[in-house]
file query.txt (compact mmCIF, C-alpha atoms (C1' of nucleotides))
# COMPACT_ATOMS: atom_id res chain seq x y z
CA MET R 2 1.23 5.29 5.51
CA PRO R 3 1.00 2.52 2.96
CA GLU R 4 3.67 1.36 0.49
CA LEU R 5 6.46 -1.03 1.34
CA PRO R 6 8.87 1.53 2.88
CA GLU R 7 6.18 2.96 5.15
CA VAL R 8 5.05 -0.49 6.23
CA GLU R 9 8.68 -1.39 6.94
CA ILE R 10 9.05 1.75 9.07
CA ASN R 11 5.93 0.72 10.95
CA LYS R 12 7.40 -2.73 11.47
CA GLN R 13 10.57 -1.25 12.95
CA TYR R 14 8.48 1.00 15.15
CA PHE R 15 6.31 -1.89 16.29
CA ASP R 16 9.36 -4.07 17.04
CA LEU R 17 10.93 -1.30 19.08
CA THR R 18 7.86 -0.46 21.12
CA SER R 19 5.50 -3.38 21.35
CA LEU R 20 7.21 -6.77 21.40
CA ASN R 21 7.16 -9.10 24.39
CA LYS R 22 4.84 -7.07 26.55
CA GLU R 23 1.67 -8.55 27.94
CA VAL R 24 -1.46 -7.07 26.43
CA THR R 25 -3.83 -6.37 29.29
CA ASP R 26 -6.66 -4.83 27.30
CA VAL R 27 -7.81 -4.15 23.76
CA LEU R 28 -10.00 -1.15 22.98
CA VAL R 29 -12.00 -1.40 19.77
CA ARG R 30 -12.90 2.12 18.74
CA ASP R 31 -14.37 1.12 15.39
CA ASP R 32 -15.09 -2.50 14.61
CA ARG R 33 -15.48 -1.90 10.87
CA ILE R 34 -11.72 -2.32 10.53
CA LEU R 35 -11.91 -5.80 12.10
CA GLU R 36 -12.48 -8.88 10.01
CA LEU R 37 -13.83 -10.74 13.02
CA GLU R 38 -16.07 -10.01 15.96
CA ALA R 39 -14.59 -7.53 18.42
CA GLU R 40 -15.22 -9.85 21.36
CA GLU R 41 -13.55 -12.74 19.62
CA PHE R 42 -10.59 -10.55 18.71
CA LYS R 43 -10.18 -9.29 22.27
CA GLU R 44 -10.34 -12.79 23.64
CA LEU R 45 -7.52 -13.88 21.35
CA ILE R 46 -5.25 -10.94 22.12
CA ILE R 47 -5.75 -10.11 25.80
CA GLY R 48 -3.27 -11.91 28.03
CA ASN R 49 -1.06 -12.60 25.04
CA LYS R 50 2.22 -11.11 23.87
CA PHE R 51 3.42 -10.01 20.46
CA LYS R 52 6.39 -12.27 19.83
CA SER R 53 7.76 -11.27 16.45
CA THR R 54 6.75 -9.62 13.21
CA ILE R 55 6.95 -10.35 9.50
CA ARG R 56 6.40 -7.97 6.60
CA HIS R 57 5.50 -9.22 3.15
CA GLY R 58 4.95 -6.42 0.67
CA LYS R 59 2.44 -4.09 2.30
CA TYR R 60 1.14 -6.78 4.67
CA PHE R 61 2.30 -6.83 8.28
CA PHE R 62 2.01 -9.97 10.41
CA VAL R 63 2.42 -10.10 14.18
CA GLU R 64 3.14 -13.47 15.73
CA LEU R 65 1.22 -14.54 18.84
CA ASP R 66 1.05 -17.93 20.50
CA SER R 67 -0.54 -20.05 17.82
CA PHE R 68 -1.67 -17.54 15.21
CA TYR R 69 -0.84 -14.21 13.60
CA MET R 70 -2.53 -10.86 13.73
CA LEU R 71 -2.46 -9.29 10.30
CA LEU R 72 -2.42 -5.54 9.89
CA HIS R 73 -2.95 -3.92 6.54
CA PHE R 74 -2.61 -0.16 6.55
CA GLY R 75 -4.66 0.64 3.48
CA MET R 76 -4.20 4.22 2.31
CA SER R 77 -4.11 5.94 5.66
CA GLY R 78 -3.04 3.46 8.33
CA ASP R 79 -0.43 4.21 10.96
CA LEU R 80 0.82 3.15 14.39
CA LYS R 81 1.36 5.21 17.49
CA TYR R 82 2.80 4.16 20.85
CA PHE R 83 1.83 6.49 23.66
CA GLU R 84 1.71 6.68 27.42
CA LYS R 85 -1.40 8.52 28.49
CA MET R 86 -4.96 8.11 27.29
CA ASP R 87 -5.09 11.89 26.90
CA ASP R 88 -2.67 11.46 24.04
CA GLU R 89 -4.84 9.00 22.17
CA PRO R 90 -4.32 9.83 18.51
CA LYS R 91 -7.19 10.96 16.35
CA TYR R 92 -8.69 8.21 14.15
CA SER R 93 -7.54 5.42 16.46
CA LYS R 94 -9.44 2.28 15.53
CA ILE R 95 -7.85 -0.40 17.72
CA ILE R 96 -5.80 0.29 20.84
CA PHE R 97 -3.68 -2.26 22.66
CA HIS R 98 -2.95 -1.62 26.32
CA PHE R 99 0.25 -3.13 27.68
CA LYS R 100 1.12 -4.22 31.18
CA ASN R 101 3.73 -1.45 31.40
CA GLY R 102 0.92 1.09 31.08
CA TYR R 103 1.65 2.17 27.51
CA TYR R 104 -0.70 1.92 24.57
CA LEU R 105 -0.29 1.10 20.91
CA SER R 106 -2.85 2.51 18.51
CA TYR R 107 -3.70 1.25 15.05
CA ILE R 108 -4.79 4.43 13.32
CA SER R 109 -6.79 4.63 10.12
CA ILE R 110 -8.51 7.71 8.77
CA ARG R 111 -10.20 6.21 5.76
CA LEU R 112 -10.86 2.72 7.03
CA PHE R 113 -9.27 1.07 4.06
CA GLY R 114 -7.01 -1.71 5.21
CA SER R 115 -7.92 -4.22 7.87
CA VAL R 116 -7.03 -6.04 11.05
CA GLU R 117 -7.51 -9.78 10.98
CA ILE R 118 -6.34 -13.08 12.39
CA VAL R 119 -4.55 -15.60 10.22
CA LYS R 120 -3.29 -19.07 11.07
CA ASP R 121 -0.31 -19.20 8.81
CA VAL R 122 1.63 -16.55 6.92
CA ASN R 123 2.56 -18.68 3.95
CA ASP R 124 -0.98 -19.93 3.52
CA PHE R 125 -2.21 -16.38 3.53
CA ILE R 126 0.33 -15.30 0.93
CA LYS R 127 -0.64 -18.24 -1.24
CA LYS R 128 -4.34 -17.61 -0.87
CA LYS R 129 -3.92 -13.93 -1.75
CA LYS R 130 -1.63 -14.98 -4.60
CA LEU R 131 0.93 -12.40 -3.50
CA GLY R 132 4.12 -12.25 -5.48
CA PRO R 133 7.55 -12.18 -3.82
CA ASP R 134 8.29 -9.27 -1.53
CA ALA R 135 9.91 -6.55 -3.61
CA PHE R 136 13.12 -6.75 -1.57
CA LYS R 137 13.40 -10.51 -1.78
CA MET R 138 12.51 -10.83 -5.43
CA THR R 139 15.45 -12.15 -7.41
CA LYS R 140 16.45 -10.89 -10.80
CA ASP R 141 15.54 -14.23 -12.26
CA GLU R 142 12.04 -14.08 -10.81
CA PHE R 143 11.69 -10.58 -12.21
CA LEU R 144 12.84 -11.64 -15.66
CA GLN R 145 10.52 -14.63 -15.69
CA ALA R 146 7.57 -12.49 -14.68
CA THR R 147 8.23 -9.89 -17.36
CA LYS R 148 8.33 -12.66 -19.92
CA ARG R 149 4.98 -14.13 -19.05
CA ARG R 150 3.22 -10.83 -18.64
CA ASN R 151 1.82 -8.27 -21.00
CA GLY R 152 0.37 -4.81 -20.72
CA MET R 153 1.73 -1.55 -19.35
CA MET R 154 4.83 -1.56 -17.21
CA LYS R 155 3.22 0.54 -14.49
CA ASN R 156 0.36 -1.94 -14.15
CA LEU R 157 2.89 -4.69 -13.64
CA LEU R 158 4.64 -2.81 -10.84
CA LEU R 159 1.30 -2.12 -9.14
CA ASN R 160 0.20 -5.74 -9.41
CA GLN R 161 0.76 -7.34 -6.00
CA GLU R 162 0.45 -10.79 -7.55
CA PHE R 163 3.58 -10.03 -9.50
CA ILE R 164 5.65 -8.11 -6.97
CA ALA R 165 4.48 -7.30 -3.46
CA GLY R 166 5.10 -3.88 -1.99
CA VAL R 167 5.26 -1.31 -4.80
CA GLY R 168 2.41 1.21 -4.88
CA ASN R 169 1.43 4.19 -6.96
CA VAL R 170 3.94 6.75 -5.75
CA TYR R 171 7.03 4.56 -5.74
CA SER R 172 6.16 3.02 -9.10
CA ASP R 173 6.29 6.53 -10.58
CA GLU R 174 9.71 7.13 -9.04
CA ILE R 175 11.04 3.75 -10.17
CA LEU R 176 10.01 4.36 -13.78
CA PHE R 177 11.28 7.93 -13.72
CA ARG R 178 14.72 6.84 -12.57
CA SER R 179 14.68 4.07 -15.16
CA SER R 180 13.81 6.53 -17.97
CA VAL R 181 10.94 4.26 -18.97
CA SER R 182 7.43 5.54 -19.63
CA PRO R 183 4.73 4.03 -17.39
CA LYS R 184 2.78 3.30 -20.59
CA ARG R 185 5.46 1.17 -22.18
CA LYS R 186 4.39 -2.33 -23.06
CA ILE R 187 6.32 -4.91 -21.09
CA THR R 188 7.01 -6.88 -24.24
CA ASP R 189 8.67 -3.83 -25.82
CA LEU R 190 11.28 -3.40 -23.10
CA ASN R 191 14.84 -4.32 -23.91
CA GLU R 192 17.16 -6.18 -21.57
CA LYS R 193 18.91 -3.04 -20.42
CA GLU R 194 15.67 -1.37 -19.44
CA ILE R 195 14.45 -4.41 -17.55
CA ASP R 196 17.76 -4.55 -15.68
CA MET R 197 17.44 -0.89 -14.82
CA ILE R 198 13.87 -1.20 -13.57
CA PHE R 199 14.84 -4.16 -11.41
CA LYS R 200 17.72 -2.20 -9.94
CA GLN R 201 15.58 0.88 -9.32
CA ILE R 202 12.87 -1.11 -7.54
CA LYS R 203 15.40 -2.01 -4.87
CA GLU R 204 17.07 1.39 -4.75
CA VAL R 205 13.92 3.47 -4.66
CA LEU R 206 12.39 1.36 -1.89
CA LYS R 207 15.62 1.37 0.10
CA PHE R 208 15.85 5.12 -0.31
CA GLY R 209 12.27 5.39 0.93
CA ILE R 210 13.12 3.45 4.07
CA ASN R 211 16.21 5.57 4.69
CA LYS R 212 14.02 8.64 4.37
CA ARG R 213 11.60 7.00 6.80
CA GLY R 214 8.76 7.59 4.37
CA ASP R 215 9.16 11.36 4.61
CA TRP R 216 8.48 12.64 1.10
CA THR R 217 9.06 16.23 2.04
CA SER R 218 12.79 15.76 2.43
CA TYR R 219 13.40 14.21 -0.98
CA PRO R 220 16.15 15.68 -3.16
CA GLU R 221 14.98 18.03 -5.89
CA ASP R 222 15.98 15.67 -8.68
CA SER R 223 13.48 13.01 -7.54
CA LEU R 224 10.08 12.80 -9.14
CA ILE R 225 8.16 12.33 -5.88
CA PRO R 226 8.16 15.98 -4.73
CA HIS R 227 6.87 16.97 -8.17
CA ARG R 228 3.94 14.58 -8.38
CA LYS R 229 1.36 17.35 -8.66
CA ASN R 230 -0.70 18.97 -11.38
CA ASN R 231 1.18 21.47 -13.52
CA ASN R 232 4.60 20.59 -12.13
CA ASN R 233 7.67 20.28 -14.28
CA CYS R 234 10.17 17.51 -14.74
CA PRO R 235 13.07 18.00 -12.31
CA SER R 236 15.44 16.79 -14.98
CA CYS R 237 14.48 18.63 -18.20
CA GLY R 238 11.89 21.17 -17.08
CA GLU R 239 9.17 19.82 -19.36
CA ARG R 240 5.62 19.86 -17.95
CA LEU R 241 4.91 16.47 -16.37
CA SER R 242 2.33 14.25 -18.04
CA ILE R 243 -0.43 12.31 -16.33
CA MET R 244 -1.65 8.84 -17.25
CA GLU R 245 -3.91 6.26 -15.64
CA ALA R 246 -3.08 2.71 -14.69
CA SER R 247 -5.05 0.42 -12.45
CA GLY R 248 -7.31 3.33 -11.62
CA ARG R 249 -4.43 5.38 -10.24
CA ARG R 250 -2.88 8.56 -11.57
CA GLY R 251 0.68 8.24 -12.69
CA PHE R 252 3.01 11.20 -13.23
CA TYR R 253 5.85 11.00 -15.73
CA CYS R 254 7.98 13.05 -18.10
CA SER R 255 7.16 12.31 -21.72
CA LYS R 256 10.57 13.66 -22.73
CA CYS R 257 12.84 11.81 -20.29
CA GLN R 258 10.84 8.60 -20.06
CA ILE R 259 10.67 6.63 -23.28
C1' DA N 17 -18.94 21.89 -3.57
C1' DG N 18 -16.27 18.70 -5.89
C1' DC N 19 -12.56 15.96 -6.58
C1' DG N 20 -8.47 13.38 -5.59
C1' DA N 21 -5.82 10.58 -2.20
C1' DT N 22 0.20 6.06 -0.29
C1' DG N 23 -4.96 0.32 -1.50
C1' DT N 24 -7.69 -3.78 -2.58
C1' DT N 25 -11.45 -6.26 -4.62
C1' DC N 26 -15.00 -7.59 -7.67
C1' DG N 27 -17.73 -7.76 -11.74
C1' DC N 28 -17.79 -6.91 -16.60
C1' DC N 29 -16.03 -6.75 -21.25
C1' DG N 30 -13.10 -7.78 -25.23
C1' DT S 3 -6.98 -16.75 -19.39
C1' DC S 4 -5.37 -12.30 -19.41
C1' DG S 5 -5.57 -7.29 -19.37
C1' DG S 6 -8.01 -3.22 -18.64
C1' DC S 7 -11.76 -0.51 -16.76
C1' DG S 8 -14.93 1.32 -13.43
C1' DA S 9 -16.97 1.15 -9.22
C1' DA S 10 -17.07 0.41 -4.39
C1' DC S 11 -15.31 0.85 0.27
C1' DA S 12 -14.92 5.75 4.02
C1' DT S 13 -13.19 10.09 5.09
C1' DC S 14 -10.41 14.09 4.98
C1' DG S 15 -8.38 18.15 2.91
C1' DC S 16 -7.49 21.31 -0.74
call {"tool": "encode", "arguments": {"input": "query.txt", "output": "structure tokens"}}
result
Amino acid sequence: MPELPEVEINKQYFDLTSLNKEVTDVLVRDDRILELEAEEFKELIIGNKFKSTIRHGKYFFVELDSFYMLLHFGMSGDLKYFEKMDDEPKYSKIIFHFKNGYYLSYISIRLFGSVEIVKDVNDFIKKKKLGPDAFKMTKDEFLQATKRRNGMMKNLLLNQEFIAGVGNVYSDEILFRSSVSPKRKITDLNEKEIDMIFKQIKEVLKFGINKRGDWTSYPEDSLIPHRKNNNNCPSCGERLSIMEASGRRGFYCSKCQI
DNA sequence: AGCGATGTTCGCCG
DNA sequence: TCGGCGAACATCGC
């Protein structure tokens, strides 16, 4: 549940289910996900309300009275709003109980990601050195960044200090639709290609949100459904190639992506 | 049984 | 200073 579109879906889900309801209890099922003591966390949240939310890249901030609760979903985080304790989802780590009787669970299978308290969103973004949110990034910011950076294009897309929100899967799709190889050096890209990549960042992420993060319903001509060993390019039929960038496996077509 | 998985971080090296 | 690499974190599923 992790790249920008999935986090955005979680934000919409959170806003719809969990805003402006008094939290009457907090159940900590596994405190390893918490960046602070469970007791301290409970004290801050219980009796409070979630007032609003902000998403920056893959980071999700929930506003409370004088601070923010930050949720990062890691590789396997999710949210679930439910009515009866019998329906508590598997791998729940933190559960908020609302005055109306419902619960909201922060789910995480692999325990990557975290739940923490931050004073100020902008300070946090600055401290983490996060780049602009992928949706808010302007073309000018993108151009500037490509000029002062080197290395492989895929690494740049995965670098949250450059652009916040793009992860491994969507970076593959963005480069596929741009006909640019993930291994291309940033300095070698021409203006047209940079324009195309910028455009595809927005379109691919927007498409992901419209699909509500459901990769099984992608059209056949997308790369995402084919990101598997021994699969072929949906465009030319060539066997897909695999490369590594930032420790992640990238899939691409060596024929269609230059 | 072993390996890879939507992420981040840190130390090391050139 | 930057870019790249490998490992570490924890756990599930193929």
call {"tool": "residues_around", "arguments": {"input": "query.txt", "residues": "Ala165 in chain R", "least_positions_apart": "3", "cutoff": "12 Å", "atoms": "only C-alpha atoms (C1' of nucleotides)", "output": "JSON, numbers by chain"}}
result
{"R": [4, 5, 6, 8, 56, 57, 58, 59, 60, 61, 126, 129, 130, 131, 132, 133, 134, 135, 136, 137, 138, 143, 157, 158, 159, 160, 161, 162, 168, 172, 202, 206]}
call {"tool": "closest_residue", "arguments": {"input": "query.txt", "among": "R:Leu17, R:Leu72, R:Cys234, R:Ala246", "to": "DG5 in chain S", "atoms": "only C-alpha atoms (C1' of nucleotides)"}}
result
R:Ala246
call {"tool": "closest_residue", "arguments": {"input": "query.txt", "among": "R:Gly214, R:Gly75, R:Gly114, R:Pro183", "to": "Glu9 in chain R", "atoms": "all atoms listed in the file"}}
result
R:Gly214
call {"tool": "atom_distance", "arguments": {"input": "query.txt", "atom1": "CA of Gly238 in chain R", "atom2": "CA of Lys155 in chain R"}}
result
22.5 Å
call {"tool": "interface_residues", "arguments": {"input": "query.txt", "of": "chain S", "to": "chain R", "cutoff": "10 Å", "atoms": "all atoms listed in the file", "output": "PyMOL selection string"}}
result
chain S and resi 4-8+11-14
call {"tool": "atom_distance", "arguments": {"input": "query.txt", "atom1": "C1' of DG18 in chain N", "atom2": "C1' of DC16 in chain S"}}
result
10.5 Å
call {"tool": "closest_atom_pairs", "arguments": {"input": "query.txt", "of": "chain N", "to": "chain R", "cutoff": "8 Å", "atoms": "all atoms listed in the file", "output": "Markdown table"}}
result
| residue | atom | partner | partner_atom | distance |
| --- | --- | --- | --- | --- |
| N:DA21 | C1' | R:Met76 | CA | 8.0 |
| N:DT22 | C1' | R:Pro3 | CA | 4.9 |
| N:DG23 | C1' | R:Gly75 | CA | 5.0 |
call {"tool": "atom_distance", "arguments": {"input": "query.txt", "atom1": "CA of Trp216 in chain R", "atom2": "CA of Met244 in chain R"}}
result
21.3 Å
call {"tool": "axis_aligned_box", "arguments": {"input": "query.txt", "around": "chain S", "padding_each_side": "5 Å", "output": "JSON"}}
result
{"center_x": -11.2, "center_y": 2.3, "center_z": -7.2, "size_x": 21.7, "size_y": 48.1, "size_z": 34.5}
call {"tool": "residues_around", "arguments": {"input": "query.txt", "residues": "Gly102 in chain R", "least_positions_apart": "3", "cutoff": "8 Å", "atoms": "all atoms listed in the file", "output": "list in words"}}
result
Glu84, His98 and Phe99 of chain R
call {"tool": "write_last_selection", "arguments": {"input": "query.txt", "atoms": "C-alpha atoms", "output": "mmCIF file, keeping the file's coordinate frame"}}
result
data_model
loop_
_atom_site.group_PDB
_atom_site.id
_atom_site.type_symbol
_atom_site.label_atom_id
_atom_site.label_comp_id
_atom_site.auth_asym_id
_atom_site.auth_seq_id
_atom_site.Cartn_x
_atom_site.Cartn_y
_atom_site.Cartn_z
ATOM 1 C CA GLU R 84 1.710 6.680 27.420
ATOM 2 C CA HIS R 98 -2.950 -1.620 26.320
ATOM 3 C CA PHE R 99 0.250 -3.130 27.680
#
call {"tool": "residues_around", "arguments": {"input": "query.txt", "residues": "DA9 in chain S", "least_positions_apart": "6", "cutoff": "12 Å", "atoms": "all atoms listed in the file", "output": "PyMOL selection string"}}
result
(chain R and resi 248) or (chain N and resi 25-28)
call {"tool": "build_atoms", "arguments": {"input": "query.txt", "residues": "range 22-33 of chain R", "atoms": "all heavy atoms", "output": "tab-separated table (two decimals), in the coordinates of the input"}}
result
chain	number	residue	atom	x	y	z
R	22	LYS	N	5.50	-7.70	25.42
R	22	LYS	CA	4.84	-7.07	26.55
R	22	LYS	C	3.45	-7.65	26.63
R	22	LYS	O	2.76	-7.75	25.62
R	22	LYS	CB	4.73	-5.56	26.33
R	22	LYS	CG	6.07	-4.85	26.33
R	22	LYS	CD	5.93	-3.42	25.86
R	22	LYS	CE	7.30	-2.75	25.87
R	22	LYS	NZ	7.34	-1.54	25.06
R	23	GLU	N	3.01	-7.99	27.83
R	23	GLU	CA	1.67	-8.55	27.94
R	23	GLU	C	0.61	-7.51	27.58
R	23	GLU	O	0.67	-6.37	28.05
R	23	GLU	CB	1.43	-9.07	29.37
R	23	GLU	CG	0.15	-9.89	29.46
R	23	GLU	CD	-0.16	-10.32	30.89
R	23	GLU	OE1	0.78	-10.48	31.69
R	23	GLU	OE2	-1.36	-10.48	31.18
R	24	VAL	N	-0.33	-7.94	26.77
R	24	VAL	CA	-1.46	-7.07	26.43
R	24	VAL	C	-2.53	-7.29	27.49
R	24	VAL	O	-3.04	-8.39	27.65
R	24	VAL	CB	-2.03	-7.40	25.03
R	24	VAL	CG1	-3.21	-6.49	24.70
R	24	VAL	CG2	-0.94	-7.28	23.97
R	25	THR	N	-2.85	-6.22	28.21
R	25	THR	CA	-3.83	-6.37	29.29
R	25	THR	C	-5.23	-5.96	28.87
R	25	THR	O	-6.21	-6.31	29.53
R	25	THR	CB	-3.42	-5.53	30.52
R	25	THR	OG1	-3.25	-4.17	30.10
R	25	THR	CG2	-2.13	-6.05	31.12
R	26	ASP	N	-5.33	-5.22	27.78
R	26	ASP	CA	-6.66	-4.83	27.30
R	26	ASP	C	-6.58	-4.44	25.83
R	26	ASP	O	-5.53	-4.04	25.34
R	26	ASP	CB	-7.20	-3.65	28.12
R	26	ASP	CG	-8.72	-3.53	28.01
R	26	ASP	OD1	-9.36	-4.44	27.43
R	26	ASP	OD2	-9.27	-2.52	28.50
R	27	VAL	N	-7.70	-4.57	25.15
R	27	VAL	CA	-7.81	-4.15	23.76
R	27	VAL	C	-9.05	-3.28	23.64
R	27	VAL	O	-10.14	-3.70	24.03
R	27	VAL	CB	-7.93	-5.35	22.80
R	27	VAL	CG1	-8.17	-4.88	21.37
R	27	VAL	CG2	-6.69	-6.23	22.87
R	28	LEU	N	-8.86	-2.06	23.15
R	28	LEU	CA	-10.00	-1.15	22.98
R	28	LEU	C	-10.34	-1.09	21.50
R	28	LEU	O	-9.50	-0.70	20.68
R	28	LEU	CB	-9.63	0.25	23.49
R	28	LEU	CG	-9.03	0.29	24.90
R	28	LEU	CD1	-8.51	1.69	25.22
R	28	LEU	CD2	-10.07	-0.13	25.93
R	29	VAL	N	-11.55	-1.46	21.17
R	29	VAL	CA	-12.00	-1.40	19.77
R	29	VAL	C	-12.82	-0.14	19.59
R	29	VAL	O	-13.95	-0.05	20.04
R	29	VAL	CB	-12.82	-2.66	19.40
R	29	VAL	CG1	-13.33	-2.56	17.97
R	29	VAL	CG2	-11.98	-3.91	19.59
R	30	ARG	N	-12.23	0.83	18.93
R	30	ARG	CA	-12.90	2.12	18.74
R	30	ARG	C	-13.85	2.08	17.55
R	30	ARG	O	-14.79	2.86	17.47
R	30	ARG	CB	-11.86	3.22	18.51
R	30	ARG	CG	-11.02	3.52	19.73
R	30	ARG	CD	-11.82	4.36	20.72
R	30	ARG	NE	-10.98	4.82	21.80
R	30	ARG	CZ	-11.12	4.42	23.05
R	30	ARG	NH1	-12.05	3.56	23.39
R	30	ARG	NH2	-10.32	4.90	23.98
R	31	ASP	N	-13.54	1.22	16.60
R	31	ASP	CA	-14.37	1.12	15.39
R	31	ASP	C	-14.21	-0.29	14.84
R	31	ASP	O	-13.16	-0.63	14.30
R	31	ASP	CB	-13.92	2.16	14.36
R	31	ASP	CG	-14.91	2.29	13.21
R	31	ASP	OD1	-15.62	1.31	12.91
R	31	ASP	OD2	-14.98	3.39	12.62
R	32	ASP	N	-15.26	-1.09	14.98
R	32	ASP	CA	-15.09	-2.50	14.61
R	32	ASP	C	-15.19	-2.75	13.10
R	32	ASP	O	-15.03	-3.88	12.65
R	32	ASP	CB	-16.08	-3.40	15.37
R	32	ASP	CG	-17.52	-3.05	15.06
R	32	ASP	OD1	-17.77	-2.25	14.13
R	32	ASP	OD2	-18.41	-3.59	15.74
R	33	ARG	N	-15.40	-1.69	12.31
R	33	ARG	CA	-15.48	-1.90	10.87
R	33	ARG	C	-14.12	-2.28	10.28
R	33	ARG	O	-14.04	-2.80	9.18
R	33	ARG	CB	-16.01	-0.64	10.18
R	33	ARG	CG	-17.48	-0.40	10.42
R	33	ARG	CD	-17.92	0.90	9.84
R	33	ARG	NE	-17.24	2.04	10.48
R	33	ARG	CZ	-17.35	3.29	10.06
R	33	ARG	NH1	-18.07	3.57	9.00
R	33	ARG	NH2	-16.71	4.26	10.69
